[in-house]
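Right, one structure below, let's go through it.
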Amino acid sequence: MPELPEVETIRVGLQKYLIGRKIIDIKIRVAKIFVGKKEDVIGAKIVNLRRIGKGLIIELDNNFVLAVHLKMTGQLIYRDAKSENIKLSPKTGGTTLPSKYSHIIFKLKNQKSNLKNDEGDAYLYYNDLRRFGWIRVVRKDELMKMPFFKEMGPEPFVGLKPSSGLKPSSGLRSSASASNFLTLNLFKNIVEGSNVSIKPLLMDQKRIGGIGNIYANDALFEAKIDPRRKGKTLSDEEINNLYDAIFAVIKKSLEYGGSSDENFVNALGQEGNYQNHTLVYGREGEPCKVCRNPIEKIKLGGRGTYFCPSCQR
DNA sequence: CAGTACGCCTGGTAGC
DNA sequence: TGCTACCAGGCGTACT
């Protein structure tokens, strides 16, 4: 399921292909996924790509943006003459695009080249096996009025962690504004007073943006904290450890190109590799990487939850 | 208000 | 083998 690292991987992958291109047509095969009037964006040029939590925003040179949520199985894949030979993951629904899962198809023109050096048409495919995702045409001044974006909590984005000593690049800044960065103090405030179990708390997008089931499970293992404990029972030291663990797992996933346990593929239709390096997620019955006792799976807040009962207290 | 249950959706798989 | 039942889960909605 695309979480912060997966959406960020797609954003970075897409921006070098999409920026400067003009949308010349949109084919809508599944109507419920595309919300709004396609006429509002046809003819517009793509000027920037941003990410807010698990949401992706394609900014246009008119009054509109395209807001995209991939939910469980959504994919955004770019193709042009040069990328035609890149092998697609079977998770895209076939060996060529459009596939049976390609529900929205954007036709793009490269406006940067003159006629003599025209790179020709290009396509952006929105694929979605389970059809949970959406693409919305939104006026620029109304984007942050949408509850999904307006209520998004601060984000644990590695590129912006102040204590890392790294100066965030402008590219990193553009994808997650500094004012919306999850600082240790903000994290403490969120966790300290909460009567909710820590794992569903980490996944609540209104409190913290971008963490889903995979990274909530792995971060809690890394910090040696039982996922069932309520936020208010965590000590200062445990909160510190968990804060660091969240950044560590997200950073690791970005390095592996995201997790393709479900249907995630990057902007070119290729799989990530974090699913082969999870600490506990998807590893029921396997030996714990630290103590060798079997990983258990329980249900918490209606979601599959993996943990090591002897390491996580 | 905070917490919880359910619907959306399809492919994979366990069980008969 | 072929059928049914159930599971995966992000998020909006409805409910307690």
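Chain identifiers are assigned as A, B, and so on, following the order in which chains appear in the structure tokens; residues are numbered from 1 within each chain, and ligands are numbered from 1 in order of appearance.
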
Compute the set of chain B residues within 12 Å of chain A, using only C-alpha atoms (C1' of nucleotides), and express it as a list in words.
->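 Result: DA2, DG3, DT4, DA5, DC6, DG7, DC8, DC9, DT10, DG11 and DG12 of chain B.
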
Sel. of helix (DSSP H, G or I) residues, segment 186-255 of chain A, as a PyMOL selection string | chain A and resi 186-192+198-203+213-222+231-233+236-255

Store the residues picked out above, limited to C-alpha atoms, as a JSON list (two decimals), in the first residue's frame.
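Writing done, so here's again10.json:
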```
[["chain", "number", "residue", "atom", "x", "y", "z"],
["A", 186, "LEU", "CA", 5.08, 17.76, 18.16],
["A", 187, "PHE", "CA", 5.46, 13.99, 18.31],
["A", 188, "LYS", "CA", 5.63, 14.09, 22.12],
["A", 189, "ASN", "CA", 2.46, 16.19, 22.28],
["A", 190, "ILE", "CA", 0.63, 13.76, 19.99],
["A", 191, "VAL", "CA", 1.68, 10.62, 21.88],
["A", 192, "GLU", "CA", 1.77, 11.78, 25.51],
["A", 198, "ILE", "CA", 0.20, 3.57, 19.76],
["A", 199, "LYS", "CA", -0.07, 1.70, 16.46],
["A", 200, "PRO", "CA", -3.44, 3.07, 15.28],
["A", 201, "LEU", "CA", -2.22, 6.42, 16.62],
["A", 202, "LEU", "CA", 0.81, 6.38, 14.29],
["A", 203, "MET", "CA", -1.50, 5.57, 11.37],
["A", 213, "ASN", "CA", 0.50, -0.23, 8.22],
["A", 214, "ILE", "CA", 3.93, -1.39, 7.02],
["A", 215, "TYR", "CA", 5.96, 1.41, 8.62],
["A", 216, "ALA", "CA", 3.87, 1.56, 11.81],
["A", 217, "ASN", "CA", 4.62, -2.14, 12.40],
["A", 218, "ASP", "CA", 8.31, -1.86, 11.60],
["A", 219, "ALA", "CA", 8.89, 1.37, 13.56],
["A", 220, "LEU", "CA", 7.33, -0.14, 16.69],
["A", 221, "PHE", "CA", 9.56, -3.21, 16.37],
["A", 222, "GLU", "CA", 12.63, -1.03, 15.87],
["A", 231, "GLY", "CA", 0.23, 6.55, 23.83],
["A", 232, "LYS", "CA", 0.05, 8.00, 27.33],
["A", 233, "THR", "CA", 1.88, 4.98, 28.82],
["A", 236, "ASP", "CA", 10.06, 9.97, 27.35],
["A", 237, "GLU", "CA", 12.83, 7.60, 26.34],
["A", 238, "GLU", "CA", 10.40, 5.34, 24.47],
["A", 239, "ILE", "CA", 8.90, 8.33, 22.66],
["A", 240, "ASN", "CA", 12.41, 9.42, 21.63],
["A", 241, "ASN", "CA", 13.25, 5.93, 20.41],
["A", 242, "LEU", "CA", 10.01, 5.64, 18.47],
["A", 243, "TYR", "CA", 10.56, 9.05, 16.88],
["A", 244, "ASP", "CA", 13.98, 7.96, 15.64],
["A", 245, "ALA", "CA", 12.63, 4.56, 14.55],
["A", 246, "ILE", "CA", 9.94, 6.15, 12.35],
["A", 247, "PHE", "CA", 12.55, 8.19, 10.48],
["A", 248, "ALA", "CA", 14.86, 5.19, 10.22],
["A", 249, "VAL", "CA", 12.29, 2.89, 8.58],
["A", 250, "ILE", "CA", 11.05, 5.58, 6.20],
["A", 251, "LYS", "CA", 14.62, 6.43, 5.19],
["A", 252, "LYS", "CA", 15.41, 2.74, 4.65],
["A", 253, "SER", "CA", 12.31, 2.26, 2.51],
["A", 254, "LEU", "CA", 13.18, 5.28, 0.36],
["A", 255, "GLU", "CA", 16.62, 3.75, -0.19]]
```

Write out as a PDB file with N, CA and C atoms (P, O5', C5', C4', C3', O3' and C1' of nucleotides), in the first residue's frame every residue belonging to chain C that has an atom at most 12 Å from any atom of chain A, counting only C-alpha atoms (C1' of nucleotides).
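Final output, saved to part_10.pdb:
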```pdb
ATOM      1  P    DC C   7     -11.912 -13.241   7.535  1.00  0.00           P
ATOM      2  O5'  DC C   7     -10.505 -12.675   7.064  1.00  0.00           O
ATOM      3  C5'  DC C   7      -9.484 -13.577   6.621  1.00  0.00           C
ATOM      4  C4'  DC C   7      -8.585 -12.849   5.650  1.00  0.00           C
ATOM      5  C3'  DC C   7      -8.294 -11.395   6.036  1.00  0.00           C
ATOM      6  O3'  DC C   7      -6.913 -11.242   6.275  1.00  0.00           O
ATOM      7  C1'  DC C   7      -8.872 -11.603   3.720  1.00  0.00           C
ATOM      8  P    DA C   8      -6.387 -10.020   7.143  1.00  0.00           P
ATOM      9  O5'  DA C   8      -5.824  -9.026   6.026  1.00  0.00           O
ATOM     10  C5'  DA C   8      -4.672  -9.387   5.274  1.00  0.00           C
ATOM     11  C4'  DA C   8      -4.514  -8.439   4.127  1.00  0.00           C
ATOM     12  C3'  DA C   8      -4.739  -6.974   4.505  1.00  0.00           C
ATOM     13  O3'  DA C   8      -3.500  -6.403   4.894  1.00  0.00           O
ATOM     14  C1'  DA C   8      -5.848  -7.545   2.440  1.00  0.00           C
ATOM     15  P    DG C   9      -3.439  -5.514   6.202  1.00  0.00           P
ATOM     16  O5'  DG C   9      -4.005  -4.122   5.701  1.00  0.00           O
ATOM     17  C5'  DG C   9      -3.268  -3.368   4.735  1.00  0.00           C
ATOM     18  C4'  DG C   9      -4.114  -2.220   4.265  1.00  0.00           C
ATOM     19  C3'  DG C   9      -4.605  -1.309   5.406  1.00  0.00           C
ATOM     20  O3'  DG C   9      -4.550   0.037   4.996  1.00  0.00           O
ATOM     21  C1'  DG C   9      -6.421  -2.069   4.148  1.00  0.00           C
ATOM     22  P    DG C  10      -3.441   1.004   5.572  1.00  0.00           P
ATOM     23  O5'  DG C  10      -3.874   2.374   4.905  1.00  0.00           O
ATOM     24  C5'  DG C  10      -3.604   2.642   3.530  1.00  0.00           C
ATOM     25  C4'  DG C  10      -4.452   3.800   3.053  1.00  0.00           C
ATOM     26  C3'  DG C  10      -4.687   4.923   4.052  1.00  0.00           C
ATOM     27  O3'  DG C  10      -4.735   6.140   3.320  1.00  0.00           O
ATOM     28  C1'  DG C  10      -6.756   3.856   3.568  1.00  0.00           C
ATOM     29  P    DC C  11      -4.952   7.521   4.050  1.00  0.00           P
ATOM     30  O5'  DC C  11      -6.524   7.731   4.065  1.00  0.00           O
ATOM     31  C5'  DC C  11      -7.195   7.885   2.827  1.00  0.00           C
ATOM     32  C4'  DC C  11      -8.682   7.841   3.050  1.00  0.00           C
ATOM     33  C3'  DC C  11      -9.224   8.784   4.140  1.00  0.00           C
ATOM     34  O3'  DC C  11     -10.313   9.462   3.564  1.00  0.00           O
ATOM     35  C1'  DC C  11     -10.142   6.664   4.380  1.00  0.00           C
ATOM     36  P    DG C  12     -10.712  10.937   4.086  1.00  0.00           P
ATOM     37  O5'  DG C  12     -12.290  10.943   3.828  1.00  0.00           O
ATOM     38  C5'  DG C  12     -12.801  10.508   2.581  1.00  0.00           C
ATOM     39  C4'  DG C  12     -14.187   9.941   2.774  1.00  0.00           C
ATOM     40  C3'  DG C  12     -15.097  10.786   3.660  1.00  0.00           C
ATOM     41  O3'  DG C  12     -16.365  10.894   3.027  1.00  0.00           O
ATOM     42  C1'  DG C  12     -14.958   8.572   4.528  1.00  0.00           C
TER      43       DG C  12
END
```

Taking 4 positions as the minimum chain separation for residues in the same chain, which residues sit within 12 Å of DG15 of chain B when counting only C-alpha atoms (C1' of nucleotides)? Answer as a PDB file with C-alpha atoms (C1' of nucleotides), in the first residue's frame.
```pdb
ATOM      1  C1'  DC C   3     -17.007 -23.633  -5.830  1.00  0.00           C
ATOM      2  C1'  DT C   4     -17.627 -20.451  -1.767  1.00  0.00           C
ATOM      3  C1'  DA C   5     -15.938 -17.606   1.964  1.00  0.00           C
ATOM      4  C1'  DC C   6     -12.844 -14.700   3.526  1.00  0.00           C
TER       5       DC C   6
END
```

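The gap separating atom CA of Ile33 of chain A from atom CA of Ile58 of chain A is 15.9 Å, in Å to one decimal.
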
Identify, on the basis of only C-alpha atoms (C1' of nucleotides), every residue whose closest approach to Ile105 of chain A does not exceed 8 Å; exclude the query and any residue fewer than 5 positions from it along the same chain; express the result as a ChimeraX atom specification.
-> /A:26-28,98,123-126

Output for the residues just chosen: C-alpha atoms as a PDB file, in the first residue's frame:
```pdb
ATOM      1  CA  ILE A  26      -7.721  12.453 -20.847  1.00  0.00           C
ATOM      2  CA  LYS A  27      -9.415   9.115 -21.366  1.00  0.00           C
ATOM      3  CA  ILE A  28     -11.701   8.174 -18.477  1.00  0.00           C
ATOM      4  CA  PRO A  98      -2.776   0.424 -21.122  1.00  0.00           C
ATOM      5  CA  TYR A 123       1.240   9.007 -21.551  1.00  0.00           C
ATOM      6  CA  LEU A 124       0.511   8.963 -17.851  1.00  0.00           C
ATOM      7  CA  TYR A 125      -1.494   5.911 -16.796  1.00  0.00           C
ATOM      8  CA  TYR A 126      -3.529   5.725 -13.622  1.00  0.00           C
TER       9      TYR A 126
END
```

Counting only C-alpha atoms (C1' of nucleotides), what is within 10 Å of Arg292 of chain A, bar same-chain residues fewer than 4 positions away, as a ChimeraX atom specification?
-> /A:286-288,308,310-311

How many Å separate atom CA of Lys87 of chain A from atom CA of Val47 of chain A?
->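 Spanning atom CA of Lys87 of chain A to atom CA of Val47 of chain A is a straight-line distance of 27.8 Å.
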
Write out as a list in words the residues lying within 7 Å of segment 153-158 of chain A, counting only C-alpha atoms (C1' of nucleotides) and excluding same-chain residues fewer than 4 positions away.
->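 Neighbouring residues, sequence-local ones excluded: Gly53, Asn180, Phe181, Leu182, Gln205, Lys206, Arg207, Ile208, Gly209, Gly210, Phe247 and Lys251 of chain A.
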
Could those residues be written to a file, using N, CA and C atoms, as a PDB file, in the first residue's frame?
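To be explicit, this is the file written out as part.pdb:
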```pdb
ATOM      1  N   GLY A  53       1.277  14.121   2.827  1.00  0.00           N
ATOM      2  CA  GLY A  53       0.945  12.807   3.365  1.00  0.00           C
ATOM      3  C   GLY A  53       1.033  11.779   2.248  1.00  0.00           C
ATOM      4  N   ASN A 180       5.062  21.937   8.382  1.00  0.00           N
ATOM      5  CA  ASN A 180       4.289  20.722   8.593  1.00  0.00           C
ATOM      6  C   ASN A 180       5.185  19.538   8.920  1.00  0.00           C
ATOM      7  N   PHE A 181       6.382  19.833   9.394  1.00  0.00           N
ATOM      8  CA  PHE A 181       7.338  18.777   9.714  1.00  0.00           C
ATOM      9  C   PHE A 181       7.092  18.252  11.126  1.00  0.00           C
ATOM     10  N   LEU A 182       7.140  16.939  11.274  1.00  0.00           N
ATOM     11  CA  LEU A 182       6.937  16.316  12.584  1.00  0.00           C
ATOM     12  C   LEU A 182       8.205  16.462  13.429  1.00  0.00           C
ATOM     13  N   GLN A 205      -3.906   9.731  10.088  1.00  0.00           N
ATOM     14  CA  GLN A 205      -3.351  10.774   9.212  1.00  0.00           C
ATOM     15  C   GLN A 205      -3.612  12.184   9.730  1.00  0.00           C
ATOM     16  N   LYS A 206      -4.629  12.336  10.546  1.00  0.00           N
ATOM     17  CA  LYS A 206      -4.933  13.655  11.090  1.00  0.00           C
ATOM     18  C   LYS A 206      -3.943  14.043  12.185  1.00  0.00           C
ATOM     19  N   ARG A 207      -3.295  13.038  12.778  1.00  0.00           N
ATOM     20  CA  ARG A 207      -2.296  13.333  13.813  1.00  0.00           C
ATOM     21  C   ARG A 207      -0.888  13.320  13.244  1.00  0.00           C
ATOM     22  N   ILE A 208      -0.584  12.301  12.413  1.00  0.00           N
ATOM     23  CA  ILE A 208       0.727  12.220  11.760  1.00  0.00           C
ATOM     24  C   ILE A 208       0.474  11.846  10.307  1.00  0.00           C
ATOM     25  N   GLY A 209       1.082  12.572   9.386  1.00  0.00           N
ATOM     26  CA  GLY A 209       0.818  12.327   7.967  1.00  0.00           C
ATOM     27  C   GLY A 209       1.785  11.332   7.354  1.00  0.00           C
ATOM     28  N   GLY A 210       1.272  10.349   6.632  1.00  0.00           N
ATOM     29  CA  GLY A 210       2.124   9.530   5.775  1.00  0.00           C
ATOM     30  C   GLY A 210       2.434   8.121   6.223  1.00  0.00           C
ATOM     31  N   PHE A 247      11.701   7.612  11.536  1.00  0.00           N
ATOM     32  CA  PHE A 247      12.549   8.192  10.482  1.00  0.00           C
ATOM     33  C   PHE A 247      13.458   7.133   9.870  1.00  0.00           C
ATOM     34  N   LYS A 251      13.384   6.191   5.944  1.00  0.00           N
ATOM     35  CA  LYS A 251      14.622   6.426   5.188  1.00  0.00           C
ATOM     36  C   LYS A 251      15.060   5.140   4.484  1.00  0.00           C
TER      37      LYS A 251
END
```

Mind pulling up the distance from atom CA of Tyr256 of chain A to atom CA of Lys289 of chain A?
->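 Between these atoms lies a distance of 18.8 Å.
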
Using only C-alpha atoms, pick whichever of A:Val35, A:Val138, A:Ile86, A:Leu97 has the shortest atom-to-atom distance to Leu60 of chain A.
->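 Counting only C-alpha atoms, the residue closest to Leu60 of chain A is A:Val138.
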
Where in segment 18-260 of chain A does DSSP assign strand (DSSP E), given as number ranges by chain?
-> A: 21-28, 34-35, 46-52, 55-60, 64-69, 74-79, 102-110, 121-128, 134-139
